[in-house]
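The structure appears right after this line, and notes come after that.
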Amino acid sequence: MDQTYSMIKPEIVAAGDQKIGEILAIIQRAGFRIVNIKMKQLERETVELFYDVHKERPFYGELVDYICSGPVVALHLERESAVVKLRELVGATNPEDAACGTIRDLYGKSLSENAIHASDSVENGLREIGIIFG
Ligand code: CMP
């Protein structure tokens, strides 16, 4: 079994409708076990560390502001080939490019408001789980 990290982003949580439940159902139907889950507004320094890999990119400040703007739903997930399978389920970073039926196709609004984060490697997943869940 592999571990991965996912995070439902603030625009989905702020919408206050059924989207969190729908996204969790998609993830569970795809065979993921939720090892840990929490809804929380993250501290700025936690988000800066989390997205450290992007710190030289022009969108870094905007990205950190956005993720800090409201609560997120943090998920520690487990499944066989969890990283690859979750990234397939989530779709391309830009919702406009996301394959039909993926979470970002269904729920993403834009490149920054793209509904959900998914770790890009097993190593980064463990790092992200450690930062968010300790
Ligand atoms: P995520 O999977 O959370 O990882 C980094 C995030 O940066 C990404 O999703 C996007 O929401 C966000 N982002 C904002 N602007 C860009 C950009 N120009 N290129 C890539 N990612 C971007």
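Naming works like this for the structure tokens: A, B, ... for the chains as they're shown, residue 1 at the start of each chain, ligands 1 onward in shown order.
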When you look at Tyr51 in chain A with a cut-off of 9 Å (counting only C-alpha atoms), what residues show up, excluding the ones that are within fewer than 6 positions of it in the same chain? I need them as a PyMOL selection string.
chain A and resi 60+63-64
Write to file, as a compact mmCIF listing (two decimals), in the first residue's frame, the residues of the selection just made, with N, CA, C and O atoms.
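And here is the file that came out, again-v5.txt:
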# COMPACT_ATOMS: atom_id res chain seq x y z
N TYR A 60 3.92 32.03 -6.69
CA TYR A 60 4.05 31.50 -5.33
C TYR A 60 3.27 32.32 -4.28
O TYR A 60 2.51 31.75 -3.48
N LEU A 63 -0.39 31.92 -4.66
CA LEU A 63 -0.78 30.55 -4.27
C LEU A 63 -0.87 30.44 -2.74
O LEU A 63 -1.86 29.92 -2.20
N VAL A 64 0.14 30.97 -2.04
CA VAL A 64 0.14 30.90 -0.57
C VAL A 64 -1.04 31.71 -0.02
O VAL A 64 -1.78 31.23 0.86
Give the residue list for ligand 1 at 8 Å, counting only C-alpha atoms and all ligand atoms, as JSON, numbers by chain, sorted by chain and then by residue number.
{"A": [7, 51, 54, 58, 59, 60, 62, 63, 93, 94, 110, 111, 112, 113, 114, 116, 117, 118, 119, 120]}
Any chance you can output those residues with N, CA, C and O atoms as a PDB file, in the first residue's frame?
ATOM      1  N   MET A   7      -5.704  17.529  -0.812  1.00  0.00           N
ATOM      2  CA  MET A   7      -6.223  18.679  -0.067  1.00  0.00           C
ATOM      3  C   MET A   7      -7.312  19.347  -0.902  1.00  0.00           C
ATOM      4  O   MET A   7      -7.060  19.798  -2.022  1.00  0.00           O
ATOM      5  N   TYR A  51       4.433  24.510   0.050  1.00  0.00           N
ATOM      6  CA  TYR A  51       4.647  24.836  -1.368  1.00  0.00           C
ATOM      7  C   TYR A  51       6.060  25.377  -1.641  1.00  0.00           C
ATOM      8  O   TYR A  51       6.287  26.022  -2.667  1.00  0.00           O
ATOM      9  N   HIS A  54       7.791  25.591  -5.005  1.00  0.00           N
ATOM     10  CA  HIS A  54       7.380  26.606  -5.983  1.00  0.00           C
ATOM     11  C   HIS A  54       7.851  28.012  -5.606  1.00  0.00           C
ATOM     12  O   HIS A  54       7.418  28.981  -6.218  1.00  0.00           O
ATOM     13  N   PRO A  58       6.620  32.680 -10.199  1.00  0.00           N
ATOM     14  CA  PRO A  58       5.926  33.973 -10.066  1.00  0.00           C
ATOM     15  C   PRO A  58       4.586  33.878  -9.335  1.00  0.00           C
ATOM     16  O   PRO A  58       4.133  34.862  -8.766  1.00  0.00           O
ATOM     17  N   PHE A  59       3.968  32.689  -9.350  1.00  0.00           N
ATOM     18  CA  PHE A  59       2.648  32.560  -8.732  1.00  0.00           C
ATOM     19  C   PHE A  59       2.700  32.165  -7.256  1.00  0.00           C
ATOM     20  O   PHE A  59       1.653  32.011  -6.620  1.00  0.00           O
ATOM     21  N   TYR A  60       3.915  32.034  -6.693  1.00  0.00           N
ATOM     22  CA  TYR A  60       4.048  31.496  -5.331  1.00  0.00           C
ATOM     23  C   TYR A  60       3.271  32.319  -4.284  1.00  0.00           C
ATOM     24  O   TYR A  60       2.513  31.752  -3.482  1.00  0.00           O
ATOM     25  N   GLU A  62       0.786  34.425  -4.625  1.00  0.00           N
ATOM     26  CA  GLU A  62      -0.667  34.314  -4.861  1.00  0.00           C
ATOM     27  C   GLU A  62      -1.188  32.941  -4.390  1.00  0.00           C
ATOM     28  O   GLU A  62      -2.259  32.843  -3.788  1.00  0.00           O
ATOM     29  N   LEU A  63      -0.395  31.915  -4.657  1.00  0.00           N
ATOM     30  CA  LEU A  63      -0.779  30.549  -4.265  1.00  0.00           C
ATOM     31  C   LEU A  63      -0.873  30.442  -2.739  1.00  0.00           C
ATOM     32  O   LEU A  63      -1.864  29.920  -2.204  1.00  0.00           O
ATOM     33  N   THR A  93      -3.447  19.951 -13.929  1.00  0.00           N
ATOM     34  CA  THR A  93      -3.434  21.111 -13.024  1.00  0.00           C
ATOM     35  C   THR A  93      -4.437  22.173 -13.455  1.00  0.00           C
ATOM     36  O   THR A  93      -5.161  22.735 -12.627  1.00  0.00           O
ATOM     37  N   ASN A  94      -4.455  22.463 -14.754  1.00  0.00           N
ATOM     38  CA  ASN A  94      -5.403  23.451 -15.255  1.00  0.00           C
ATOM     39  C   ASN A  94      -6.724  22.744 -15.607  1.00  0.00           C
ATOM     40  O   ASN A  94      -6.746  21.881 -16.489  1.00  0.00           O
ATOM     41  N   SER A 110     -10.341  27.380 -12.224  1.00  0.00           N
ATOM     42  CA  SER A 110      -9.212  28.033 -12.897  1.00  0.00           C
ATOM     43  C   SER A 110      -7.928  27.352 -12.429  1.00  0.00           C
ATOM     44  O   SER A 110      -7.964  26.484 -11.549  1.00  0.00           O
ATOM     45  N   LEU A 111      -6.798  27.810 -12.976  1.00  0.00           N
ATOM     46  CA  LEU A 111      -5.501  27.229 -12.612  1.00  0.00           C
ATOM     47  C   LEU A 111      -5.254  27.342 -11.107  1.00  0.00           C
ATOM     48  O   LEU A 111      -4.756  26.406 -10.475  1.00  0.00           O
ATOM     49  N   SER A 112      -5.591  28.461 -10.503  1.00  0.00           N
ATOM     50  CA  SER A 112      -5.365  28.587  -9.056  1.00  0.00           C
ATOM     51  C   SER A 112      -6.516  27.974  -8.262  1.00  0.00           C
ATOM     52  O   SER A 112      -6.287  27.296  -7.259  1.00  0.00           O
ATOM     53  N   GLU A 113      -7.740  28.190  -8.699  1.00  0.00           N
ATOM     54  CA  GLU A 113      -8.894  27.597  -8.012  1.00  0.00           C
ATOM     55  C   GLU A 113      -9.232  26.264  -8.702  1.00  0.00           C
ATOM     56  O   GLU A 113     -10.263  26.127  -9.374  1.00  0.00           O
ATOM     57  N   ASN A 114      -8.311  25.305  -8.517  1.00  0.00           N
ATOM     58  CA  ASN A 114      -8.442  24.024  -9.249  1.00  0.00           C
ATOM     59  C   ASN A 114      -8.934  22.889  -8.346  1.00  0.00           C
ATOM     60  O   ASN A 114      -8.631  21.726  -8.577  1.00  0.00           O
ATOM     61  N   ILE A 116      -8.529  20.942  -5.930  1.00  0.00           N
ATOM     62  CA  ILE A 116      -7.888  19.893  -5.108  1.00  0.00           C
ATOM     63  C   ILE A 116      -6.399  19.798  -5.425  1.00  0.00           C
ATOM     64  O   ILE A 116      -5.983  20.062  -6.558  1.00  0.00           O
ATOM     65  N   HIS A 117      -5.625  19.445  -4.427  1.00  0.00           N
ATOM     66  CA  HIS A 117      -4.198  19.172  -4.601  1.00  0.00           C
ATOM     67  C   HIS A 117      -3.975  17.666  -4.499  1.00  0.00           C
ATOM     68  O   HIS A 117      -4.662  16.993  -3.729  1.00  0.00           O
ATOM     69  N   ALA A 118      -3.001  17.161  -5.248  1.00  0.00           N
ATOM     70  CA  ALA A 118      -2.593  15.757  -5.116  1.00  0.00           C
ATOM     71  C   ALA A 118      -1.069  15.686  -5.200  1.00  0.00           C
ATOM     72  O   ALA A 118      -0.467  16.288  -6.098  1.00  0.00           O
ATOM     73  N   SER A 119      -0.451  14.965  -4.298  1.00  0.00           N
ATOM     74  CA  SER A 119       1.018  14.850  -4.275  1.00  0.00           C
ATOM     75  C   SER A 119       1.537  14.308  -5.604  1.00  0.00           C
ATOM     76  O   SER A 119       0.899  13.453  -6.222  1.00  0.00           O
ATOM     77  N   ASP A 120       2.729  14.793  -6.008  1.00  0.00           N
ATOM     78  CA  ASP A 120       3.259  14.373  -7.314  1.00  0.00           C
ATOM     79  C   ASP A 120       4.254  13.227  -7.232  1.00  0.00           C
ATOM     80  O   ASP A 120       4.730  12.747  -8.264  1.00  0.00           O
TER      81      ASP A 120
END
Per residue of range 39-128 of chain A within 8 Å of range 21-31 of chain A, which atom pair is closest and at what distance in Å (one decimal), using only C-alpha atoms, listed by chain and increasing number, as a tab-separated table?
residue	atom	partner	partner_atom	distance
A:Arg79	CA	A:Gly31	CA	6.7
A:Leu86	CA	A:Ile27	CA	7.9
A:Leu89	CA	A:Ile27	CA	7.8
A:Ile103	CA	A:Ile23	CA	7.1
DSSP on the backbone, strand (DSSP E or B) only: what residues of range 18-108 of chain A does that give? Format it as a list in words.
Arg33, Ile34, Val35, Asn36, Ile37, Lys38, Met39, Lys40, Val72, Val73, Ala74, Leu75, His76, Leu77, Glu78 and Arg79 of chain A
Writer output for current selection, N, CA, C and O atoms, as a compact mmCIF listing (two decimals), in the first residue's frame:
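Once everything was written out, this is out.txt:
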# COMPACT_ATOMS: atom_id res chain seq x y z
N ARG A 33 -8.45 4.50 0.95
CA ARG A 33 -8.84 4.52 2.37
C ARG A 33 -8.41 5.86 2.96
O ARG A 33 -7.28 6.32 2.70
N ILE A 34 -9.33 6.50 3.68
CA ILE A 34 -8.97 7.76 4.36
C ILE A 34 -8.32 7.39 5.69
O ILE A 34 -8.97 6.90 6.61
N VAL A 35 -7.00 7.60 5.75
CA VAL A 35 -6.23 7.27 6.96
C VAL A 35 -6.42 8.37 8.00
O VAL A 35 -6.54 8.11 9.19
N ASN A 36 -6.47 9.61 7.51
CA ASN A 36 -6.65 10.76 8.40
C ASN A 36 -7.30 11.89 7.60
O ASN A 36 -7.06 12.01 6.39
N ILE A 37 -8.11 12.69 8.27
CA ILE A 37 -8.80 13.80 7.59
C ILE A 37 -8.99 14.93 8.59
O ILE A 37 -9.28 14.68 9.77
N LYS A 38 -8.80 16.16 8.13
CA LYS A 38 -9.17 17.30 8.99
C LYS A 38 -9.51 18.51 8.14
O LYS A 38 -8.94 18.70 7.06
N MET A 39 -10.46 19.31 8.65
CA MET A 39 -10.78 20.58 7.99
C MET A 39 -10.18 21.67 8.86
O MET A 39 -10.46 21.75 10.06
N LYS A 40 -9.35 22.51 8.22
CA LYS A 40 -8.58 23.46 9.02
C LYS A 40 -8.12 24.63 8.16
O LYS A 40 -7.80 24.43 6.99
N VAL A 72 -9.22 24.35 4.50
CA VAL A 72 -9.08 23.30 3.50
C VAL A 72 -9.48 21.98 4.16
O VAL A 72 -9.56 21.91 5.39
N VAL A 73 -9.73 20.95 3.35
CA VAL A 73 -9.91 19.60 3.89
C VAL A 73 -8.66 18.82 3.52
O VAL A 73 -8.39 18.58 2.34
N ALA A 74 -7.87 18.49 4.55
CA ALA A 74 -6.61 17.76 4.35
C ALA A 74 -6.87 16.26 4.47
O ALA A 74 -7.60 15.82 5.36
N LEU A 75 -6.27 15.50 3.56
CA LEU A 75 -6.52 14.05 3.50
C LEU A 75 -5.22 13.27 3.40
O LEU A 75 -4.42 13.49 2.49
N HIS A 76 -5.04 12.35 4.32
CA HIS A 76 -3.98 11.34 4.21
C HIS A 76 -4.68 10.09 3.66
O HIS A 76 -5.59 9.55 4.29
N LEU A 77 -4.25 9.67 2.47
CA LEU A 77 -4.93 8.59 1.76
C LEU A 77 -4.01 7.40 1.53
O LEU A 77 -2.78 7.57 1.38
N GLU A 78 -4.61 6.22 1.43
CA GLU A 78 -3.84 4.98 1.22
C GLU A 78 -4.51 4.14 0.14
O GLU A 78 -5.75 4.02 0.12
N ARG A 79 -3.70 3.59 -0.72
CA ARG A 79 -4.19 2.70 -1.79
C ARG A 79 -2.97 2.11 -2.47
O ARG A 79 -1.89 2.66 -2.40
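Shortest atom-to-atom contact with Asp65 in chain A among A:Ile20, A:Leu42, A:Val13, A:Ile129: A:Leu42, counting only C-alpha atoms.
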Env of Gly91 in chain A: 10 Å cut, atoms = only C-alpha atoms, seq-sep filter 6 positions within chain, self excluded. Answer as a compact mmCIF listing (two decimals) with all heavy atoms, in the first residue's frame.
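Writing the result to result01.txt gives the following:
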# COMPACT_ATOMS: atom_id res chain seq x y z
N ASP A 97 -7.62 21.77 -19.06
CA ASP A 97 -6.93 20.65 -19.71
C ASP A 97 -7.27 19.30 -19.08
O ASP A 97 -6.77 18.26 -19.52
CB ASP A 97 -5.39 20.83 -19.59
CG ASP A 97 -4.93 22.14 -20.19
OD1 ASP A 97 -5.55 22.58 -21.17
OD2 ASP A 97 -3.96 22.72 -19.66
N ALA A 98 -8.07 19.31 -18.03
CA ALA A 98 -8.34 18.08 -17.27
C ALA A 98 -9.27 17.16 -18.07
O ALA A 98 -10.26 17.62 -18.66
CB ALA A 98 -8.95 18.42 -15.92
N ALA A 99 -8.94 15.87 -18.05
CA ALA A 99 -9.75 14.89 -18.79
C ALA A 99 -11.18 14.87 -18.24
O ALA A 99 -11.42 15.12 -17.05
CB ALA A 99 -9.11 13.50 -18.66
N CYS A 100 -12.08 14.56 -19.14
CA CYS A 100 -13.51 14.52 -18.81
C CYS A 100 -13.77 13.59 -17.62
O CYS A 100 -13.26 12.47 -17.59
CB CYS A 100 -14.22 14.02 -20.06
SG CYS A 100 -15.94 14.39 -20.05
N GLY A 101 -14.53 14.07 -16.66
CA GLY A 101 -14.91 13.25 -15.51
C GLY A 101 -13.93 13.28 -14.35
O GLY A 101 -14.22 12.73 -13.28
N THR A 102 -12.76 13.91 -14.54
CA THR A 102 -11.82 14.02 -13.41
C THR A 102 -12.34 15.08 -12.43
O THR A 102 -13.21 15.89 -12.77
CB THR A 102 -10.41 14.41 -13.90
OG1 THR A 102 -10.50 15.66 -14.62
CG2 THR A 102 -9.83 13.36 -14.83
N ILE A 103 -11.78 15.07 -11.22
CA ILE A 103 -12.26 16.01 -10.18
C ILE A 103 -12.07 17.46 -10.62
O ILE A 103 -12.95 18.30 -10.45
CB ILE A 103 -11.57 15.73 -8.84
CG1 ILE A 103 -11.98 14.33 -8.33
CG2 ILE A 103 -11.92 16.80 -7.79
CD1 ILE A 103 -11.22 13.86 -7.08
N ARG A 104 -10.92 17.76 -11.23
CA ARG A 104 -10.71 19.16 -11.67
C ARG A 104 -11.60 19.52 -12.85
O ARG A 104 -11.99 20.68 -12.98
CB ARG A 104 -9.23 19.39 -11.97
CG ARG A 104 -8.41 19.50 -10.68
CD ARG A 104 -6.96 19.66 -10.99
NE ARG A 104 -6.16 19.90 -9.80
CZ ARG A 104 -4.88 19.56 -9.68
NH1 ARG A 104 -4.26 18.94 -10.68
NH2 ARG A 104 -4.21 19.82 -8.58
N ASP A 105 -11.90 18.56 -13.70
CA ASP A 105 -12.86 18.83 -14.78
C ASP A 105 -14.23 19.15 -14.17
O ASP A 105 -14.89 20.11 -14.59
CB ASP A 105 -12.95 17.59 -15.69
CG ASP A 105 -14.11 17.68 -16.67
OD1 ASP A 105 -14.19 18.69 -17.39
OD2 ASP A 105 -14.92 16.74 -16.71
N LEU A 106 -14.65 18.40 -13.17
CA LEU A 106 -15.99 18.56 -12.61
C LEU A 106 -16.10 19.77 -11.69
O LEU A 106 -17.14 20.43 -11.65
CB LEU A 106 -16.39 17.29 -11.83
CG LEU A 106 -16.52 16.00 -12.66
CD1 LEU A 106 -16.69 14.80 -11.73
CD2 LEU A 106 -17.71 16.11 -13.61
N GLY A 108 -13.15 22.15 -10.78
CA GLY A 108 -12.16 23.22 -10.86
C GLY A 108 -12.70 24.43 -11.61
O GLY A 108 -13.51 24.28 -12.54
N ASN A 114 -8.31 25.30 -8.52
CA ASN A 114 -8.44 24.02 -9.25
C ASN A 114 -8.93 22.89 -8.35
O ASN A 114 -8.63 21.73 -8.58
CB ASN A 114 -7.14 23.68 -9.98
CG ASN A 114 -5.97 23.44 -9.06
OD1 ASN A 114 -6.07 23.66 -7.85
ND2 ASN A 114 -4.85 23.00 -9.60
N ILE A 116 -8.53 20.94 -5.93
CA ILE A 116 -7.89 19.89 -5.11
C ILE A 116 -6.40 19.80 -5.42
O ILE A 116 -5.98 20.06 -6.56
CB ILE A 116 -8.61 18.54 -5.36
CG1 ILE A 116 -8.21 17.47 -4.35
CG2 ILE A 116 -8.44 18.07 -6.80
CD1 ILE A 116 -9.16 16.28 -4.31
N ALA A 118 -3.00 17.16 -5.25
CA ALA A 118 -2.59 15.76 -5.12
C ALA A 118 -1.07 15.69 -5.20
O ALA A 118 -0.47 16.29 -6.10
CB ALA A 118 -3.22 14.91 -6.23
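Those residues that approach Ser121 in chain A to within 9 Å, counting only C-alpha atoms, are Thr4, Val83 and Val84 of chain A; same-chain residues fewer than 6 positions away are not listed.
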